[in-house]
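A.B. asks: Right, I'll just put the structure down here and ask away after.
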Amino acid sequence: MTTSISPRSEETTRTPAHLADLVGDAGSFLGEVWGTRTARFSCGRAKALLTVADVWRELDCGSLIAPYFGILQEGTATTVAGIAETRIVQTKPRPGYAKPSAVREKIAAGHVFVLSQLEDWNGRVGALVDSLRAECRAQAGAAAYFCAAGSGGVPAHADSAHTLTVQLAGRMRWTVGEGVHASETVVEAGEVFYVPAARVRQAVPCGTDALLLVISLQQPTARDLAELALADFLHSSAAQDIAGTHHFLSLEEKTAWLRTELRAHLAGHPHGALAKRAVQLRQREGRAQGRE
């Protein structure tokens with residue numbers, strides 16, 4: 001079920017910079033919507049985060065380079081095959097630069113053009129993503145998708161992250177779920193569409209070119225938190241003190257010691273700080289993988 005939340009009064013002088021700018025009451029969103037159901041929100045000024053003119057400007061400026069762009073291929077993976085070229089930069093060949101004419105040919109043929117990792121190089125999007133990362137305690141990233149009218153749009157897939165999709169231009173018809181549980185929602189320019197993690201979703205443009213910004217938010221798993229807490233415990237004074245004497249203890253004594261000390265360690269561990277560190281670690285790992 002998709003919940004449609006009525007528009008709220010909006011400023012038009014600045015782009016969204018916080019969760020509340022996108023969804024209204026952030027507390028209600030996180031407490032009642034997050035992880036439970038899809039929802040649609042109105043945020044007209046979100047359209048200024050990135051425009052179609054911005055996309056063409058980035059493509060034509062000559063400095064767009066992999067991995068910050070691509071063409072959507074099967075599934076949700078992107079490729080630069082056939083749309084990238086090698087240029088001479090400071091007397092050395094440098095591959096991976098976007099070739100504007102080739103990109104336009106792909107778009108005309110029905111392919112979806114993607115600008116990736118926008119949080120790293122677009123100031124407005126980066127500021128918003130930084131805020132969402134802290135407010136949602138989640139690894140966060142953003143990508144823009146330009147879908148020409150008549151294209152296949154974003155194919156069906158199940159995302160492991162929660163997503164907030166800002167419709168920047170045009171209209172998209174989203175299908176979330178499968179079979180009898182599937183629901184359709186048409187998202188207009190200036191609206192934000194939330195889909196919980198693990199839901200199968202796909203989107204196609206509704207008769208016109210469309211530009212959307214997909215912000216992915218992936219919270220640490222229980223395993224992430226457990227591994228980080230255990231690593232901290234192994235470096236604690238209690239663990240260091242027993243390191244040289246544990247072989248004098250019986251298995252039962254070791255088990256009892258571990259149960260007592262680990263419980264005490266976790267009781268004194270700030271949960272918010274642990275989650276924040278887990279997010280930071282996942283973010284660094286994600287960026288490193290994205291640049292490989």
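Ordering of the structure tokens sets the chain letters (A, B, ...); residue numbers start at 1 within each chain; ligands are numbered from 1 in the order shown.
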Mind checking which residues fall within 10 Å of Trp56 (chain A), counting only C-alpha atoms, ignoring those fewer than 4 positions away in the same chain, and posting them as a list in words?

C.D. replies: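 Surrounding residues, per the criterion: Thr51, Val52, Asp60, Cys61, Pro100 and Arg104 of chain A.
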
A.B. asks: Selected residues, N, CA and C atoms, written as a CSV table (one decimal), in the first residue's frame, please.

C.D. replies:
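Dumped to again10.csv:
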```csv
chain,number,residue,atom,x,y,z
A,51,THR,N,18.8,19.2,-12.7
A,51,THR,CA,17.9,19.4,-13.8
A,51,THR,C,18.4,18.6,-15.0
A,52,VAL,N,17.5,18.5,-16.0
A,52,VAL,CA,17.9,17.9,-17.3
A,52,VAL,C,19.0,18.7,-17.9
A,60,ASP,N,28.4,17.3,-21.7
A,60,ASP,CA,29.1,18.0,-22.7
A,60,ASP,C,30.3,18.8,-22.3
A,61,CYS,N,30.5,18.9,-20.9
A,61,CYS,CA,31.6,19.7,-20.4
A,61,CYS,C,33.0,19.1,-20.7
A,100,PRO,N,30.1,12.2,-25.7
A,100,PRO,CA,28.7,12.7,-25.7
A,100,PRO,C,27.9,12.1,-26.9
A,104,ARG,N,24.4,10.0,-26.5
A,104,ARG,CA,23.1,10.4,-27.1
A,104,ARG,C,22.5,9.3,-28.0
```

A.B. asks: Neighbours of region 233-235 of chain A within 8 Å (only C-alpha atoms; same-chain residues fewer than 4 positions away dropped), as a VMD selection string?

C.D. replies: chain A and resid 229 239 to 240 262 265

A.B. asks: With distances taken over only C-alpha atoms, which of A:Ile107, A:Arg37, A:Pro196, A:Ala142 is nearest to Arg124 (chain A)?

C.D. replies: A:Ala142

A.B. asks: Give me the residues near region 173-190 of chain A as JSON, numbers by chain, where near means some atom within 6 Å (using only C-alpha atoms) and where sequence neighbours in that chain fewer than 6 positions away do not count.

C.D. replies: {"A": [43, 44, 47, 167, 200, 201, 202, 203, 204]}

A.B. asks: Can I get the selection written as a compact mmCIF listing (two decimals), in the first residue's frame, with C-alpha atoms?

C.D. replies:
```
# COMPACT_ATOMS: atom_id res chain seq x y z
CA CYS A 43 8.60 18.41 -2.34
CA GLY A 44 8.51 20.76 -5.31
CA LYS A 47 13.42 19.43 -8.57
CA GLN A 167 11.27 12.74 -9.39
CA VAL A 200 10.98 -5.79 -5.88
CA ARG A 201 10.47 -2.60 -7.86
CA GLN A 202 10.60 -1.33 -11.43
CA ALA A 203 9.84 2.01 -13.07
CA VAL A 204 9.01 3.16 -16.61
```

A.B. asks: Got a sec: who's within 12 Å of Gly110 (chain A), counting only C-alpha atoms, leaving out chain neighbours fewer than 6 positions off, as an MDAnalysis selection string?

C.D. replies: chainID A and resid 71:73 103:104 146:154 204:205 209

A.B. asks: Mind checking which residues fall within 10 Å of region 128-135 of chain A, counting only C-alpha atoms, ignoring those fewer than 2 positions away in the same chain, and posting them as a ChimeraX atom specification?

C.D. replies: /A:15-22,26,30,49,118-120,123-126,137-142,215-219,276,279-280,283

A.B. asks: Tell me, in Å to one decimal, how far CA of Ala156 (chain A) is from CA of Ala98 (chain A).

C.D. replies: 26.6 Å
